[in-house]
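Enquirer: Shown below is the structure under consideration.
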Amino acid sequence: MNSAIKIQLLRNLLDEISTRYDYLYDINRQMLEETQYAASHDPLTGLVNRAVFEENLARALSVVKRHGGHTAVLFMDLDNFKQVNDTIGHDEGDRLLCDVASSVTANIRKEDVFARFGGDEFVLLIERITSNVDQAITVVSDLCQKILACAKHTYHVSGNTFFVSGSIGVVLFGSNSTASVEELIRHADVAMYEAKKKGKDQVVFFDDAIKARLEEQIVIEQKIRDAIKNDTFILHYQPKLSQHGVIMGVEALVRIQDPEGDLICPNQYIPLCEKRNLISIVSEKVLIEVCKTLKAWEKNPLLSTMDISININPAWLRHPTFVEKIEEILRHSGANLSRLIFEITESIELVDIHVKIAIMEKFTALGVRFALDDFGTGRSSLVYLSQLPVYEIKIDHSFIVHWDEYVTEIENEKCHRFVKATIAMAKSLGLKVTIEGVESTKVSHALWEMGCDTIQGVLYASPMNQKMIETLIYTHNN
Ligand code: C2E
Ligand code: MG
Ligand code: MG
């Protein structure tokens, strides 16, 4: 082989190596880019994820501290998103999330950082807003309205219409902010919850009042954790009386015994227990305690006729896994379960109603009865009444609260009619009716006339400890 051919062959070989190298390099780079993209983006919507958002927020925080002006974090959660997933399906849920992501993106600047934190939570970072606070609030409020418009969707399913909207929490901060990245996100999240509480489809700015409530929540959460650790939950019992003044049963109501001797009432901490997934622990403690009381009362002829109602954790009806645990507690207690009533709040969701009915029937087979608590405050009273295996309804205190006053006559008239019609309907279905929160004789007279079975309220007795309720039952029912 002459040297010219050798050189040519060598050149060809080098070209070949170079082409393959380029090809491998491209593949490698592409893979690297893909991995980086996957690690920083939400696969469904293509928005950046929480990690990227937090990095940008940390940078924005130092920029605003150095250069002034304002920066805002907007935290949006969709309202009724679960309903889309549950009634139409996850594909439609995904479509909705992508739709919201792209329409919001079209309404913001390229440099704004828009992220999806997962589920139906979207978070937006807006920088370089004017240093004038009032103007900054106006700018952000206007933008929020545009975003709320992007979140609005209407669905028609089997003749029903429901709406999806957004709730936005905003934290606006300037150069004097002392909050950390985590705190800023938490503050925007808390403000978003306030927007939900206020009725959804609205915007709430994080302010001092919310901050104070947040601090209060932190204190209460600590008290709940201490009470769990030190077992300082105590039960009070409130009687339900018949028209003849006989105590027919009691409702167990849980309190925390504060080390200072104060009692903390459930409205202050049950919602927080639910939010922090502590409600199962509390509810199981209550159930075990109530079973002990039932067992102790069985030995006494007067006390053994008492029904005891407890407010149950809604999750007991949601997860079949809970059922076994609760059944175990009930069986293990050896108590007479035909004296036990589980109160479920009427506001529990109707989703998977057949699962709920099946679970309720399991408990019913053990002798436990069910009451629908806070009746009238949920949205689906009639559906509940016709489908769920319930024994009793407890009409909410809010329907009778103004009967003594005359300020809201029309409202009162409506409430009167509602209570009267509900009692009549319940009677025709063979259900017992209890009215809660009765505080005056005038109201009790009206209720007895309407045909309710039992009344619970401070007119007769406030919730009290076990010893006191036992004494009250002896004196009343003897
Ligand atoms: P609920 O089950 O509807 O209980 C009735 C509430 O009305 C009780 O408040 C009771 O003290 C209060 N009440 C009694 N008489 C009157 C009256 O004449 N007027 C007024 N305005 N109120 C009256 P409490 O004990 O603060 O409990 C509040 C709610 O906390 C309960 O409402 C129930 O939903 C929940 N809860 C209580 N104990 C438990 C529990 O062990 N587990 C769970 N999951 N929730 C509980
Ligand atoms: Mg109750
Ligand atoms: Mg109630």
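We label chains A, B, ... in the order they appear in the structure tokens, count residues from 1 in each chain, and number ligands from 1 in the order shown.
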Would you give me, as a tab-separated table, each residue of chain A having an atom within 10 Å of an atom of ligand 2, along with its shortest atom pair and that distance in Å to one decimal, using only C-alpha atoms and all ligand atoms and sorting by chain and residue number?
Expert:
residue	atom	partner	partner_atom_place_in_ligand_line	distance
A:Glu251	CA	ligand 2	1 (Mg)	6.8
A:Ala252	CA	ligand 2	1 (Mg)	8.1
A:Leu253	CA	ligand 2	1 (Mg)	7.6
A:Ser309	CA	ligand 2	1 (Mg)	7.5
A:Ile310	CA	ligand 2	1 (Mg)	6.7
A:Asn311	CA	ligand 2	1 (Mg)	5.1
A:Ile312	CA	ligand 2	1 (Mg)	8.6
A:Phe342	CA	ligand 2	1 (Mg)	8.8
A:Glu343	CA	ligand 2	1 (Mg)	5.8
A:Ile344	CA	ligand 2	1 (Mg)	7.6
A:Thr345	CA	ligand 2	1 (Mg)	7.5
A:Ala371	CA	ligand 2	1 (Mg)	8.6
A:Leu372	CA	ligand 2	1 (Mg)	8.5
A:Asp373	CA	ligand 2	1 (Mg)	5.5
A:Asp374	CA	ligand 2	1 (Mg)	7.2
A:Lys394	CA	ligand 2	1 (Mg)	7.9
A:Asp396	CA	ligand 2	1 (Mg)	9.4
A:Glu436	CA	ligand 2	1 (Mg)	8.6
Enquirer: Can you list, as a CSV table (one decimal) with C-alpha atoms, in the first residue's frame, all residues belonging to region 305-352 of chain A that DSSP tags as strand (DSSP E)?
Expert:
chain,number,residue,atom,x,y,z
A,307,ASP,CA,-76.9,5.6,75.3
A,308,ILE,CA,-73.5,7.2,74.9
A,309,SER,CA,-72.8,9.1,71.7
A,310,ILE,CA,-69.4,9.9,70.4
A,311,ASN,CA,-68.2,12.2,67.6
A,340,LEU,CA,-73.1,3.2,71.6
A,341,ILE,CA,-74.0,5.8,69.0
A,342,PHE,CA,-71.5,7.1,66.5
A,343,GLU,CA,-72.1,10.7,65.5
A,344,ILE,CA,-71.0,11.5,62.0
A,345,THR,CA,-71.1,15.1,60.8
Enquirer: Skip Ile168 (chain A) itself and residues of its chain fewer than 6 positions away, then list as a list in words all residues within 6 Å of it, counting only C-alpha atoms.
Expert: Phe75, Met76, Met192 and Val203 of chain A
Enquirer: How would you report the residues lying within 8 Å of ligand 1, as a PyMOL selection string, if you count only C-alpha atoms and all ligand atoms?
Expert: chain A and resi 235-236+238+251-255+265-268+270+279+282-283+286-287+310-314+343+345+373-374+396-397+401+436-439+456-459+461-463
Enquirer: At what distance in Å, to one decimal, does CA of Thr293 (chain A) lie from CA of His244 (chain A)?
Expert: 25.3 Å
Enquirer: Hey, what's within 10 Å of Ser338 (chain A) if we count only C-alpha atoms and toss same-chain stuff fewer than 6 positions away? As an NGL selection string, please?
Expert: :A and (307-308 or 364-369)
Enquirer: Name the residues in contact with Glu121 (chain A) at a cut-off of 12 Å, using only C-alpha atoms, excluding same-chain residues fewer than 5 positions from it; report them as a PyMOL selection string.
Expert: chain A and resi 42+45+47+49-50+74-79+81+97+100-101+114-116+151+166-169+185+188-189+192-193
Enquirer: Got time to write the residues from that selection, N, CA and C atoms, as a compact mmCIF listing (two decimals), in the first residue's frame?
Expert:
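Okay, selection25.txt is ready:
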# COMPACT_ATOMS: atom_id res chain seq x y z
N ASP A 42 -42.17 19.83 36.57
CA ASP A 42 -43.32 18.96 36.82
C ASP A 42 -43.64 18.25 35.50
N THR A 45 -47.38 19.35 33.76
CA THR A 45 -47.65 20.68 33.21
C THR A 45 -46.42 21.33 32.57
N LEU A 47 -44.30 22.95 34.18
CA LEU A 47 -43.88 24.09 35.02
C LEU A 47 -42.68 23.65 35.87
N ASN A 49 -40.59 22.94 39.33
CA ASN A 49 -41.08 22.31 40.56
C ASN A 49 -40.68 23.12 41.81
N ARG A 50 -40.96 22.55 42.96
CA ARG A 50 -40.76 23.25 44.22
C ARG A 50 -39.29 23.63 44.43
N LEU A 74 -47.42 34.16 45.41
CA LEU A 74 -48.85 33.85 45.32
C LEU A 74 -49.02 32.34 45.39
N PHE A 75 -49.82 31.89 46.31
CA PHE A 75 -50.04 30.45 46.49
C PHE A 75 -51.48 30.16 46.11
N MET A 76 -51.69 29.39 45.04
CA MET A 76 -53.08 29.11 44.63
C MET A 76 -53.39 27.62 44.73
N ASP A 77 -54.53 27.33 45.31
CA ASP A 77 -55.04 25.96 45.37
C ASP A 77 -56.40 25.97 44.69
N LEU A 78 -56.66 24.95 43.86
CA LEU A 78 -57.95 24.95 43.17
C LEU A 78 -59.06 24.50 44.12
N ASP A 79 -60.23 25.09 43.97
CA ASP A 79 -61.39 24.70 44.77
C ASP A 79 -62.18 23.63 44.00
N PHE A 81 -61.30 20.71 43.12
CA PHE A 81 -60.53 19.91 42.17
C PHE A 81 -60.79 18.41 42.39
N LEU A 97 -55.53 20.73 35.08
CA LEU A 97 -54.27 21.28 35.63
C LEU A 97 -53.42 21.88 34.52
N VAL A 100 -55.01 25.18 33.35
CA VAL A 100 -54.74 26.29 34.28
C VAL A 100 -53.28 26.73 34.12
N ALA A 101 -52.36 25.75 34.04
CA ALA A 101 -50.94 26.07 33.92
C ALA A 101 -50.68 26.92 32.68
N PHE A 114 -43.21 30.48 37.78
CA PHE A 114 -44.50 29.85 38.03
C PHE A 114 -44.26 28.35 38.22
N ALA A 115 -44.65 27.84 39.38
CA ALA A 115 -44.34 26.44 39.70
C ALA A 115 -45.59 25.67 40.08
N ARG A 116 -45.51 24.35 39.91
CA ARG A 116 -46.56 23.49 40.48
C ARG A 116 -45.90 22.70 41.60
N ALA A 151 -58.49 30.10 36.59
CA ALA A 151 -58.81 28.88 37.36
C ALA A 151 -60.27 28.46 37.18
N GLY A 166 -60.33 29.14 42.07
CA GLY A 166 -59.04 29.14 42.77
C GLY A 166 -59.12 29.96 44.04
N SER A 167 -58.33 29.57 45.04
CA SER A 167 -58.18 30.40 46.24
C SER A 167 -56.71 30.79 46.31
N ILE A 168 -56.45 32.10 46.46
CA ILE A 168 -55.06 32.55 46.42
C ILE A 168 -54.67 33.22 47.73
N GLY A 169 -53.51 32.83 48.25
CA GLY A 169 -52.91 33.50 49.40
C GLY A 169 -51.67 34.23 48.91
N ILE A 185 -43.23 30.86 52.11
CA ILE A 185 -44.13 29.92 51.44
C ILE A 185 -45.26 29.51 52.41
N ALA A 188 -47.81 32.31 52.71
CA ALA A 188 -48.70 32.39 51.54
C ALA A 188 -49.71 31.24 51.59
N ASP A 189 -49.26 30.07 52.04
CA ASP A 189 -50.13 28.91 52.16
C ASP A 189 -51.24 29.16 53.19
N MET A 192 -53.74 31.42 51.86
CA MET A 192 -54.61 30.71 50.91
C MET A 192 -55.73 29.97 51.67
N TYR A 193 -55.38 29.36 52.81
CA TYR A 193 -56.41 28.67 53.62
C TYR A 193 -57.46 29.65 54.11
Enquirer: Using Å and a single decimal, report how far CA of Glu182 (chain A) sits from CA of Ile281 (chain A).
Expert: 28.1 Å
Enquirer: Extract, using only C-alpha atoms, all DNA, RNA and protein residues at most 12 Å from Lys325 (chain A), discarding same-chain residues fewer than 3 positions from it, and format them as an MDAnalysis selection string.
Expert: chainID A and resid 280:281 283:284 287:288 316 319:322 328:332 363
Enquirer: Do a neighbour search on Glu111 (chain A) at 9 Å with only C-alpha atoms, toss out local chain neighbours closer than 3 positions, and write the hits as a ChimeraX atom specification.
Expert: /A:108,126-127
Enquirer: Can you write just those residues out, N, CA and C atoms, as a PDB file, in the first residue's frame?
Expert:
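See selection.pdb below for the written result:
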ATOM      1  N   ILE A 108     -48.649  35.992  32.555  1.00  0.00           N
ATOM      2  CA  ILE A 108     -47.559  36.529  33.385  1.00  0.00           C
ATOM      3  C   ILE A 108     -46.349  36.854  32.516  1.00  0.00           C
ATOM      4  N   ILE A 126     -43.348  36.862  41.882  1.00  0.00           N
ATOM      5  CA  ILE A 126     -43.339  38.090  41.091  1.00  0.00           C
ATOM      6  C   ILE A 126     -42.313  39.035  41.697  1.00  0.00           C
ATOM      7  N   GLU A 127     -41.368  39.456  40.905  1.00  0.00           N
ATOM      8  CA  GLU A 127     -40.316  40.348  41.424  1.00  0.00           C
ATOM      9  C   GLU A 127     -40.448  41.737  40.814  1.00  0.00           C
TER      10      GLU A 127
END
Enquirer: Just the alpha helix (DSSP H) stuff from region 324-390 of chain A, please, per backbone DSSP, written as a ChimeraX atom specification.
Expert: /A:324-333,353-365,381-387
Enquirer: Residues of the last selection are to be written out with N, CA, C and O atoms, as a CSV table (one decimal), in the first residue's frame.
Expert:
chain,number,residue,atom,x,y,z
A,324,GLU,N,-61.0,-2.3,60.8
A,324,GLU,CA,-60.5,-3.4,61.6
A,324,GLU,C,-60.0,-3.0,63.0
A,324,GLU,O,-60.3,-3.6,64.0
A,325,LYS,N,-59.3,-1.8,63.0
A,325,LYS,CA,-58.7,-1.3,64.2
A,325,LYS,C,-59.9,-1.0,65.2
A,325,LYS,O,-59.8,-1.3,66.4
A,326,ILE,N,-60.9,-0.3,64.7
A,326,ILE,CA,-62.0,0.2,65.6
A,326,ILE,C,-62.8,-1.1,66.0
A,326,ILE,O,-63.2,-1.1,67.2
A,327,GLU,N,-63.0,-2.0,65.1
A,327,GLU,CA,-63.7,-3.2,65.5
A,327,GLU,C,-63.0,-3.9,66.6
A,327,GLU,O,-63.6,-4.4,67.6
A,328,GLU,N,-61.7,-3.9,66.5
A,328,GLU,CA,-60.8,-4.6,67.5
A,328,GLU,C,-61.0,-3.9,68.9
A,328,GLU,O,-61.2,-4.5,69.9
A,329,ILE,N,-61.0,-2.5,68.9
A,329,ILE,CA,-61.2,-1.8,70.1
A,329,ILE,C,-62.5,-2.1,70.7
A,329,ILE,O,-62.7,-2.4,71.9
A,330,LEU,N,-63.6,-2.1,69.8
A,330,LEU,CA,-64.9,-2.4,70.3
A,330,LEU,C,-65.1,-3.8,70.9
A,330,LEU,O,-65.6,-3.9,72.0
A,331,ARG,N,-64.6,-4.8,70.2
A,331,ARG,CA,-64.7,-6.2,70.7
A,331,ARG,C,-63.9,-6.3,72.0
A,331,ARG,O,-64.4,-6.9,72.9
A,332,HIS,N,-62.7,-5.8,72.0
A,332,HIS,CA,-61.8,-6.0,73.1
A,332,HIS,C,-62.4,-5.3,74.4
A,332,HIS,O,-62.2,-5.8,75.5
A,333,SER,N,-63.2,-4.3,74.2
A,333,SER,CA,-63.7,-3.6,75.4
A,333,SER,C,-64.7,-4.4,76.1
A,333,SER,O,-64.9,-4.2,77.3
A,353,ILE,N,-69.9,6.9,48.5
A,353,ILE,CA,-70.9,6.6,49.5
A,353,ILE,C,-71.2,5.2,49.8
A,353,ILE,O,-71.5,4.8,50.9
A,354,HIS,N,-71.0,4.3,48.7
A,354,HIS,CA,-71.2,2.9,48.9
A,354,HIS,C,-70.2,2.3,49.9
A,354,HIS,O,-70.6,1.4,50.7
A,355,VAL,N,-69.0,2.8,49.8
A,355,VAL,CA,-67.9,2.3,50.7
A,355,VAL,C,-68.4,2.7,52.1
A,355,VAL,O,-68.3,1.9,53.1
A,356,LYS,N,-68.8,3.9,52.3
A,356,LYS,CA,-69.2,4.4,53.6
A,356,LYS,C,-70.4,3.6,54.1
A,356,LYS,O,-70.4,3.2,55.3
A,357,ILE,N,-71.4,3.4,53.3
A,357,ILE,CA,-72.5,2.6,53.8
A,357,ILE,C,-72.1,1.2,54.2
A,357,ILE,O,-72.5,0.7,55.3
A,358,ALA,N,-71.2,0.6,53.4
A,358,ALA,CA,-70.7,-0.8,53.7
A,358,ALA,C,-70.0,-0.8,55.1
A,358,ALA,O,-70.2,-1.7,55.9
A,359,ILE,N,-69.2,0.3,55.3
A,359,ILE,CA,-68.5,0.3,56.6
A,359,ILE,C,-69.5,0.6,57.8
A,359,ILE,O,-69.4,-0.1,58.8
A,360,MET,N,-70.4,1.5,57.5
A,360,MET,CA,-71.4,1.7,58.6
A,360,MET,C,-72.2,0.4,58.9
A,360,MET,O,-72.5,0.1,60.1
A,361,GLU,N,-72.5,-0.4,57.9
A,361,GLU,CA,-73.2,-1.6,58.1
A,361,GLU,C,-72.4,-2.6,58.9
A,361,GLU,O,-72.9,-3.4,59.7
A,362,LYS,N,-71.1,-2.6,58.8
A,362,LYS,CA,-70.2,-3.4,59.6
A,362,LYS,C,-70.3,-3.1,61.1
A,362,LYS,O,-70.4,-4.0,61.9
A,363,PHE,N,-70.3,-1.8,61.3
A,363,PHE,CA,-70.5,-1.4,62.7
A,363,PHE,C,-71.9,-1.6,63.2
A,363,PHE,O,-72.0,-2.0,64.4
A,364,THR,N,-72.9,-1.4,62.4
A,364,THR,CA,-74.2,-1.7,62.8
A,364,THR,C,-74.4,-3.1,63.2
A,364,THR,O,-75.1,-3.5,64.1
A,365,ALA,N,-73.7,-4.0,62.4
A,365,ALA,CA,-73.8,-5.5,62.7
A,365,ALA,C,-73.3,-5.7,64.2
A,365,ALA,O,-73.7,-6.7,64.8
A,381,SER,N,-78.6,16.9,52.8
A,381,SER,CA,-79.4,16.2,53.8
A,381,SER,C,-80.3,15.1,53.4
A,381,SER,O,-80.3,14.0,53.9
A,382,LEU,N,-81.0,15.3,52.2
A,382,LEU,CA,-82.0,14.3,51.8
A,382,LEU,C,-81.3,13.1,51.3
A,382,LEU,O,-81.7,12.0,51.6
A,383,VAL,N,-80.2,13.3,50.6
A,383,VAL,CA,-79.4,12.1,50.1
A,383,VAL,C,-79.0,11.3,51.3
A,383,VAL,O,-79.1,10.0,51.3
A,384,TYR,N,-78.5,11.9,52.3
A,384,TYR,CA,-78.0,11.2,53.5
A,384,TYR,C,-79.1,10.4,54.1
A,384,TYR,O,-79.0,9.3,54.5
A,385,LEU,N,-80.3,11.1,54.3
A,385,LEU,CA,-81.4,10.5,55.0
A,385,LEU,C,-81.9,9.3,54.3
A,385,LEU,O,-82.3,8.3,54.9
A,386,SER,N,-81.9,9.4,52.9
A,386,SER,CA,-82.4,8.3,52.2
A,386,SER,C,-81.5,7.1,52.0
A,386,SER,O,-81.9,6.0,51.8
A,387,GLN,N,-80.2,7.4,52.1
A,387,GLN,CA,-79.2,6.3,51.8
A,387,GLN,C,-78.5,5.7,53.0
A,387,GLN,O,-78.2,4.5,53.1
Enquirer: Go ahead and compute the interatomic distance for CA of Lys146 (chain A) and CA of Ser62 (chain A), in Å to one decimal.
Expert: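 Separating CA of Lys146 (chain A) from CA of Ser62 (chain A) is a distance of 28.0 Å.
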